[in-house]
Amino acid sequence: MDNALVLFSGGQDSTTCLFYALRHYQQVFTMGFAYGQRHAVELECRLAILQEIREHFPLWAERLDRDVVCDLSSLAKLDDNALTSDADIEVQPGALPTTFVPARNLLFLSYAAAFAYARNIDTLIIGVSETDYSGYPDCRSQTMASMEQSLSLALDRPMKIATPLMHLDKAATWQLALELAGEKGVQLLVQKSHTCYAGDHSHFHAWGYGCGQCPSCLLRKKGWEAFRPSH
Ligand code: ZN
């Protein structure tokens, strides 16, 4: 396969997608988004991950092409969700978590498609998952299939959306990273990727940095413990 663009936030899921892309595509572009996220530390983490790949994964370094960060800071003005405002992070039964950012993935994919179109890239890779997740409707396979169709129609060119994590839980995502990038890749994820909603990058655990309390940390921790049970 030829080229792909990875929507790369610097979190565990999108870093695993980057590993996937570097294994399967000859030329890999990356795109990140500054959208006023409370955990903006992930933007620094993504650069550290790219740097690490360039230094320690020589075969992959050759495949890694341009990285772009799009400024979508106006997104934070549209809604008082817990990721772009100081609203509490809450998960209530029967409701979407307050960390849901409406239309975020649709905007991200549209920007990615605009970049991809200009460079004859026909595959976008995004780390969404239906499993073990907070029930975000913009992470479902149906949404992705519909978006793939909309982008292809709107560009008058096939635009594929690849979702390698769609049916994996967090433990299986750790396992996939191991298969794609070996123990070195797992350690890169632990040391450099950031998923904590609270933006805590000062407390270090076996599974990486984070507050250890927010839904994102709890999910990452639970997945790690299933992947690497302590004896
Ligand atoms: Zn956290």
# chains A, B, ... in the order shown; residues from 1 in each chain; ligands from 1
>>> residues_near_ligand(ligand="ligand 1", cutoff="6 Å", atoms="only C-alpha atoms and all ligand atoms", output="MDAnalysis selection string")
chainID A and resid 196:198 210:214 216:217
>>> write_last_selection(atoms="N, CA and C atoms", output="PDB file, in the first residue's frame")
ATOM      1  N   CYS A 196      -4.548  11.237  29.520  1.00  0.00           N
ATOM      2  CA  CYS A 196      -5.290  11.750  30.688  1.00  0.00           C
ATOM      3  C   CYS A 196      -6.084  13.014  30.336  1.00  0.00           C
ATOM      4  N   TYR A 197      -7.387  12.960  30.597  1.00  0.00           N
ATOM      5  CA  TYR A 197      -8.259  14.106  30.321  1.00  0.00           C
ATOM      6  C   TYR A 197      -7.887  15.324  31.153  1.00  0.00           C
ATOM      7  N   ALA A 198      -7.359  15.067  32.342  1.00  0.00           N
ATOM      8  CA  ALA A 198      -7.042  16.176  33.240  1.00  0.00           C
ATOM      9  C   ALA A 198      -5.717  16.856  32.856  1.00  0.00           C
ATOM     10  N   GLY A 210      -0.403  10.216  34.101  1.00  0.00           N
ATOM     11  CA  GLY A 210      -1.811  10.600  34.208  1.00  0.00           C
ATOM     12  C   GLY A 210      -2.245  10.736  35.650  1.00  0.00           C
ATOM     13  N   CYS A 211      -3.446  11.304  35.826  1.00  0.00           N
ATOM     14  CA  CYS A 211      -3.972  11.531  37.177  1.00  0.00           C
ATOM     15  C   CYS A 211      -4.366  10.215  37.846  1.00  0.00           C
ATOM     16  N   GLY A 212      -4.669   9.186  37.037  1.00  0.00           N
ATOM     17  CA  GLY A 212      -5.067   7.893  37.594  1.00  0.00           C
ATOM     18  C   GLY A 212      -6.527   7.846  38.025  1.00  0.00           C
ATOM     19  N   GLN A 213      -7.262   8.960  37.851  1.00  0.00           N
ATOM     20  CA  GLN A 213      -8.634   9.048  38.348  1.00  0.00           C
ATOM     21  C   GLN A 213      -9.670   9.267  37.241  1.00  0.00           C
ATOM     22  N   CYS A 214      -9.309   9.986  36.200  1.00  0.00           N
ATOM     23  CA  CYS A 214     -10.296  10.358  35.171  1.00  0.00           C
ATOM     24  C   CYS A 214     -10.682   9.118  34.353  1.00  0.00           C
ATOM     25  N   SER A 216     -10.455   8.395  31.336  1.00  0.00           N
ATOM     26  CA  SER A 216      -9.451   7.998  30.350  1.00  0.00           C
ATOM     27  C   SER A 216      -8.285   7.254  31.003  1.00  0.00           C
ATOM     28  N   CYS A 217      -7.829   7.765  32.152  1.00  0.00           N
ATOM     29  CA  CYS A 217      -6.765   7.071  32.900  1.00  0.00           C
ATOM     30  C   CYS A 217      -7.245   5.699  33.368  1.00  0.00           C
TER      31      CYS A 217
END
>>> residues_around(residues="segment 174-186 of chain A", least_positions_apart="4", cutoff="10 Å", atoms="only C-alpha atoms", output="PyMOL selection string")
chain A and resi 12-13+15-24+52-53+56-57+164-165+168-170+190-192+207+220+223-224+226-228
>>> atom_distance(atom1="atom CA of Ala114 of chain A", atom2="atom CA of Asp67 of chain A")
14.4 Å
>>> closest_residue(among="A:Asp2, A:Arg66, A:Gln37, A:Tyr136", to="Ala95 of chain A", atoms="only C-alpha atoms")
A:Tyr136
>>> select_by_dssp(residues="segment 36-225 of chain A", states="alpha helix (DSSP H)", output="ChimeraX atom specification")
/A:41-56,58-63,104-118,141-155,170-192,215-225
>>> residues_around(residues="Val68 of chain A", least_positions_apart="4", cutoff="10 Å", atoms="only C-alpha atoms", output="list in words")
Leu7, Phe8, Phe29, Thr30, Met31, Gly32, Phe33, Ala112 and Phe115 of chain A
>>> residues_around(residues="Ser152 of chain A", least_positions_apart="4", cutoff="12 Å", atoms="only C-alpha atoms", output="compact mmCIF listing (two decimals) with N, CA, C and O atoms, in the first residue's frame")
# COMPACT_ATOMS: atom_id res chain seq x y z
N LEU A 109 -11.83 14.87 10.52
CA LEU A 109 -11.76 14.10 9.27
C LEU A 109 -11.89 15.01 8.05
O LEU A 109 -11.27 14.76 7.01
N SER A 110 -12.68 16.07 8.17
CA SER A 110 -12.82 17.01 7.04
C SER A 110 -11.51 17.73 6.78
O SER A 110 -11.09 17.89 5.63
N ALA A 113 -9.13 15.28 5.26
CA ALA A 113 -9.46 15.01 3.85
C ALA A 113 -8.97 16.14 2.95
O ALA A 113 -8.50 15.90 1.83
N ALA A 114 -9.06 17.37 3.44
CA ALA A 114 -8.60 18.52 2.65
C ALA A 114 -7.10 18.42 2.39
O ALA A 114 -6.61 18.65 1.29
N ALA A 116 -5.35 15.59 2.57
CA ALA A 116 -5.11 14.36 1.81
C ALA A 116 -5.39 14.58 0.32
O ALA A 116 -4.62 14.12 -0.53
N TYR A 117 -6.45 15.28 0.03
CA TYR A 117 -6.84 15.51 -1.37
C TYR A 117 -5.71 16.17 -2.15
O TYR A 117 -5.36 15.77 -3.25
N ASP A 122 -5.12 8.64 -0.20
CA ASP A 122 -6.50 8.15 -0.29
C ASP A 122 -6.96 7.40 0.96
O ASP A 122 -8.05 6.83 0.98
N THR A 123 -6.13 7.40 2.01
CA THR A 123 -6.53 6.72 3.24
C THR A 123 -6.29 7.61 4.47
O THR A 123 -5.18 8.12 4.65
N LEU A 124 -7.32 7.77 5.27
CA LEU A 124 -7.21 8.46 6.55
C LEU A 124 -7.30 7.39 7.64
O LEU A 124 -8.15 6.51 7.57
N ALA A 145 -18.42 4.91 8.41
CA ALA A 145 -18.82 4.48 7.06
C ALA A 145 -19.55 5.61 6.35
O ALA A 145 -19.33 5.88 5.16
N SER A 146 -20.40 6.30 7.09
CA SER A 146 -21.16 7.41 6.52
C SER A 146 -20.24 8.57 6.14
O SER A 146 -20.39 9.20 5.09
N MET A 147 -19.26 8.83 7.01
CA MET A 147 -18.31 9.92 6.75
C MET A 147 -17.43 9.59 5.53
O MET A 147 -17.14 10.47 4.72
N GLU A 148 -17.05 8.33 5.44
CA GLU A 148 -16.25 7.89 4.29
C GLU A 148 -17.01 8.14 2.99
O GLU A 148 -16.46 8.64 2.01
N ASP A 156 -15.34 13.78 -4.87
CA ASP A 156 -15.43 13.06 -6.14
C ASP A 156 -14.19 12.19 -6.37
O ASP A 156 -13.62 12.14 -7.45
N ARG A 157 -13.80 11.53 -5.28
CA ARG A 157 -12.62 10.66 -5.32
C ARG A 157 -12.75 9.72 -4.11
O ARG A 157 -13.15 10.16 -3.03
N PRO A 158 -12.39 8.45 -4.26
CA PRO A 158 -12.52 7.55 -3.09
C PRO A 158 -11.62 7.99 -1.94
O PRO A 158 -10.43 8.23 -2.14
N MET A 159 -12.19 8.14 -0.77
CA MET A 159 -11.42 8.47 0.43
C MET A 159 -11.75 7.42 1.48
O MET A 159 -12.88 7.35 1.96
N LYS A 160 -10.77 6.59 1.79
CA LYS A 160 -11.01 5.50 2.74
C LYS A 160 -10.72 5.96 4.16
O LYS A 160 -9.75 6.70 4.38
N ILE A 161 -11.54 5.55 5.10
CA ILE A 161 -11.25 5.80 6.52
C ILE A 161 -10.94 4.46 7.17
O ILE A 161 -11.82 3.60 7.28
>>> closest_residue(among="A:Met166, A:Ala4, A:Leu218, A:Val69", to="Arg119 of chain A", atoms="only C-alpha atoms")
A:Ala4
>>> residues_around(residues="Cys139 of chain A", least_positions_apart="6", cutoff="9 Å", atoms="only C-alpha atoms", output="ChimeraX atom specification")
/A:105,127-130,133,166
>>> residues_around(residues="Glu44 of chain A", least_positions_apart="6", cutoff="10 Å", atoms="only C-alpha atoms", output="PyMOL selection string")
chain A and resi 9-10+192-194
>>> write_last_selection(atoms="all heavy atoms", output="JSON list (two decimals), in the first residue's frame")
[["chain", "number", "residue", "atom", "x", "y", "z"],
["A", 9, "SER", "N", -3.04, 12.35, 17.73],
["A", 9, "SER", "CA", -3.20, 13.30, 18.84],
["A", 9, "SER", "C", -2.06, 13.22, 19.85],
["A", 9, "SER", "O", -1.87, 14.13, 20.64],
["A", 9, "SER", "CB", -4.51, 13.01, 19.57],
["A", 9, "SER", "OG", -4.41, 11.79, 20.28],
["A", 10, "GLY", "N", -1.34, 12.09, 19.85],
["A", 10, "GLY", "CA", -0.32, 11.88, 20.88],
["A", 10, "GLY", "C", -0.83, 10.99, 22.01],
["A", 10, "GLY", "O", -0.13, 10.75, 22.98],
["A", 192, "LYS", "N", 5.79, 8.04, 26.49],
["A", 192, "LYS", "CA", 5.60, 9.28, 25.73],
["A", 192, "LYS", "C", 4.16, 9.65, 25.39],
["A", 192, "LYS", "O", 3.87, 10.81, 25.12],
["A", 192, "LYS", "CB", 6.39, 9.23, 24.41],
["A", 192, "LYS", "CG", 7.87, 8.95, 24.56],
["A", 192, "LYS", "CD", 8.62, 10.15, 25.11],
["A", 192, "LYS", "CE", 10.10, 9.87, 25.22],
["A", 192, "LYS", "NZ", 10.80, 10.92, 25.97],
["A", 193, "SER", "N", 3.25, 8.67, 25.33],
["A", 193, "SER", "CA", 1.89, 9.03, 24.92],
["A", 193, "SER", "C", 1.10, 9.58, 26.10],
["A", 193, "SER", "O", 1.40, 9.28, 27.25],
["A", 193, "SER", "CB", 1.18, 7.82, 24.29],
["A", 193, "SER", "OG", 0.81, 6.88, 25.27],
["A", 194, "HIS", "N", 0.10, 10.39, 25.78],
["A", 194, "HIS", "CA", -0.70, 11.02, 26.84],
["A", 194, "HIS", "C", -2.18, 10.84, 26.56],
["A", 194, "HIS", "O", -2.66, 11.22, 25.50],
["A", 194, "HIS", "CB", -0.38, 12.51, 26.94],
["A", 194, "HIS", "CG", -1.17, 13.19, 28.00],
["A", 194, "HIS", "ND1", -0.69, 13.36, 29.28],
["A", 194, "HIS", "CD2", -2.43, 13.68, 28.01],
["A", 194, "HIS", "CE1", -1.62, 13.95, 30.01],
["A", 194, "HIS", "NE2", -2.68, 14.16, 29.27]]
>>> select_by_dssp(residues="segment 65-168 of chain A", states="strand (DSSP E or B)", output="PDB file with N, CA, C and O atoms, in the first residue's frame")
ATOM      1  N   ASP A  65       6.562  11.097   6.903  1.00  0.00           N
ATOM      2  CA  ASP A  65       6.630  12.329   6.116  1.00  0.00           C
ATOM      3  C   ASP A  65       6.173  13.510   6.973  1.00  0.00           C
ATOM      4  O   ASP A  65       6.327  13.489   8.193  1.00  0.00           O
ATOM      5  N   ARG A  66       5.551  14.449   6.383  1.00  0.00           N
ATOM      6  CA  ARG A  66       5.228  15.720   7.030  1.00  0.00           C
ATOM      7  C   ARG A  66       4.222  15.577   8.175  1.00  0.00           C
ATOM      8  O   ARG A  66       3.315  14.756   8.112  1.00  0.00           O
ATOM      9  N   ASP A  67       4.397  16.403   9.192  1.00  0.00           N
ATOM     10  CA  ASP A  67       3.438  16.502  10.304  1.00  0.00           C
ATOM     11  C   ASP A  67       2.801  17.892  10.267  1.00  0.00           C
ATOM     12  O   ASP A  67       3.495  18.884  10.081  1.00  0.00           O
ATOM     13  N   VAL A  68       1.484  17.935  10.428  1.00  0.00           N
ATOM     14  CA  VAL A  68       0.766  19.220  10.406  1.00  0.00           C
ATOM     15  C   VAL A  68      -0.105  19.328  11.648  1.00  0.00           C
ATOM     16  O   VAL A  68      -0.728  18.345  12.055  1.00  0.00           O
ATOM     17  N   VAL A  69      -0.131  20.512  12.250  1.00  0.00           N
ATOM     18  CA  VAL A  69      -1.079  20.763  13.341  1.00  0.00           C
ATOM     19  C   VAL A  69      -2.039  21.856  12.898  1.00  0.00           C
ATOM     20  O   VAL A  69      -1.613  22.934  12.481  1.00  0.00           O
ATOM     21  N   CYS A  70      -3.332  21.550  12.942  1.00  0.00           N
ATOM     22  CA  CYS A  70      -4.351  22.523  12.540  1.00  0.00           C
ATOM     23  C   CYS A  70      -4.890  23.239  13.769  1.00  0.00           C
ATOM     24  O   CYS A  70      -5.169  22.610  14.797  1.00  0.00           O
ATOM     25  N   ASP A  71      -5.072  24.530  13.631  1.00  0.00           N
ATOM     26  CA  ASP A  71      -5.622  25.333  14.716  1.00  0.00           C
ATOM     27  C   ASP A  71      -7.149  25.337  14.625  1.00  0.00           C
ATOM     28  O   ASP A  71      -7.720  25.923  13.721  1.00  0.00           O
ATOM     29  N   THR A 123      -6.127   7.401   2.013  1.00  0.00           N
ATOM     30  CA  THR A 123      -6.527   6.715   3.244  1.00  0.00           C
ATOM     31  C   THR A 123      -6.286   7.605   4.466  1.00  0.00           C
ATOM     32  O   THR A 123      -5.179   8.118   4.651  1.00  0.00           O
ATOM     33  N   LEU A 124      -7.324   7.766   5.267  1.00  0.00           N
ATOM     34  CA  LEU A 124      -7.210   8.462   6.550  1.00  0.00           C
ATOM     35  C   LEU A 124      -7.299   7.395   7.635  1.00  0.00           C
ATOM     36  O   LEU A 124      -8.153   6.509   7.566  1.00  0.00           O
ATOM     37  N   ILE A 125      -6.427   7.474   8.635  1.00  0.00           N
ATOM     38  CA  ILE A 125      -6.439   6.473   9.712  1.00  0.00           C
ATOM     39  C   ILE A 125      -6.766   7.172  11.022  1.00  0.00           C
ATOM     40  O   ILE A 125      -6.117   8.163  11.391  1.00  0.00           O
ATOM     41  N   LYS A 160     -10.772   6.585   1.793  1.00  0.00           N
ATOM     42  CA  LYS A 160     -11.010   5.495   2.739  1.00  0.00           C
ATOM     43  C   LYS A 160     -10.715   5.965   4.158  1.00  0.00           C
ATOM     44  O   LYS A 160      -9.748   6.698   4.384  1.00  0.00           O
ATOM     45  N   ILE A 161     -11.538   5.546   5.099  1.00  0.00           N
ATOM     46  CA  ILE A 161     -11.249   5.803   6.515  1.00  0.00           C
ATOM     47  C   ILE A 161     -10.941   4.458   7.167  1.00  0.00           C
ATOM     48  O   ILE A 161     -11.817   3.597   7.278  1.00  0.00           O
ATOM     49  N   ALA A 162      -9.691   4.268   7.567  1.00  0.00           N
ATOM     50  CA  ALA A 162      -9.282   3.017   8.212  1.00  0.00           C
ATOM     51  C   ALA A 162      -9.342   3.195   9.731  1.00  0.00           C
ATOM     52  O   ALA A 162      -8.877   4.205  10.268  1.00  0.00           O
TER      53      ALA A 162
END
>>> closest_residue(among="A:Ile121, A:Leu151, A:Gln26, A:Asp79", to="Leu59 of chain A", atoms="only C-alpha atoms")
A:Gln26
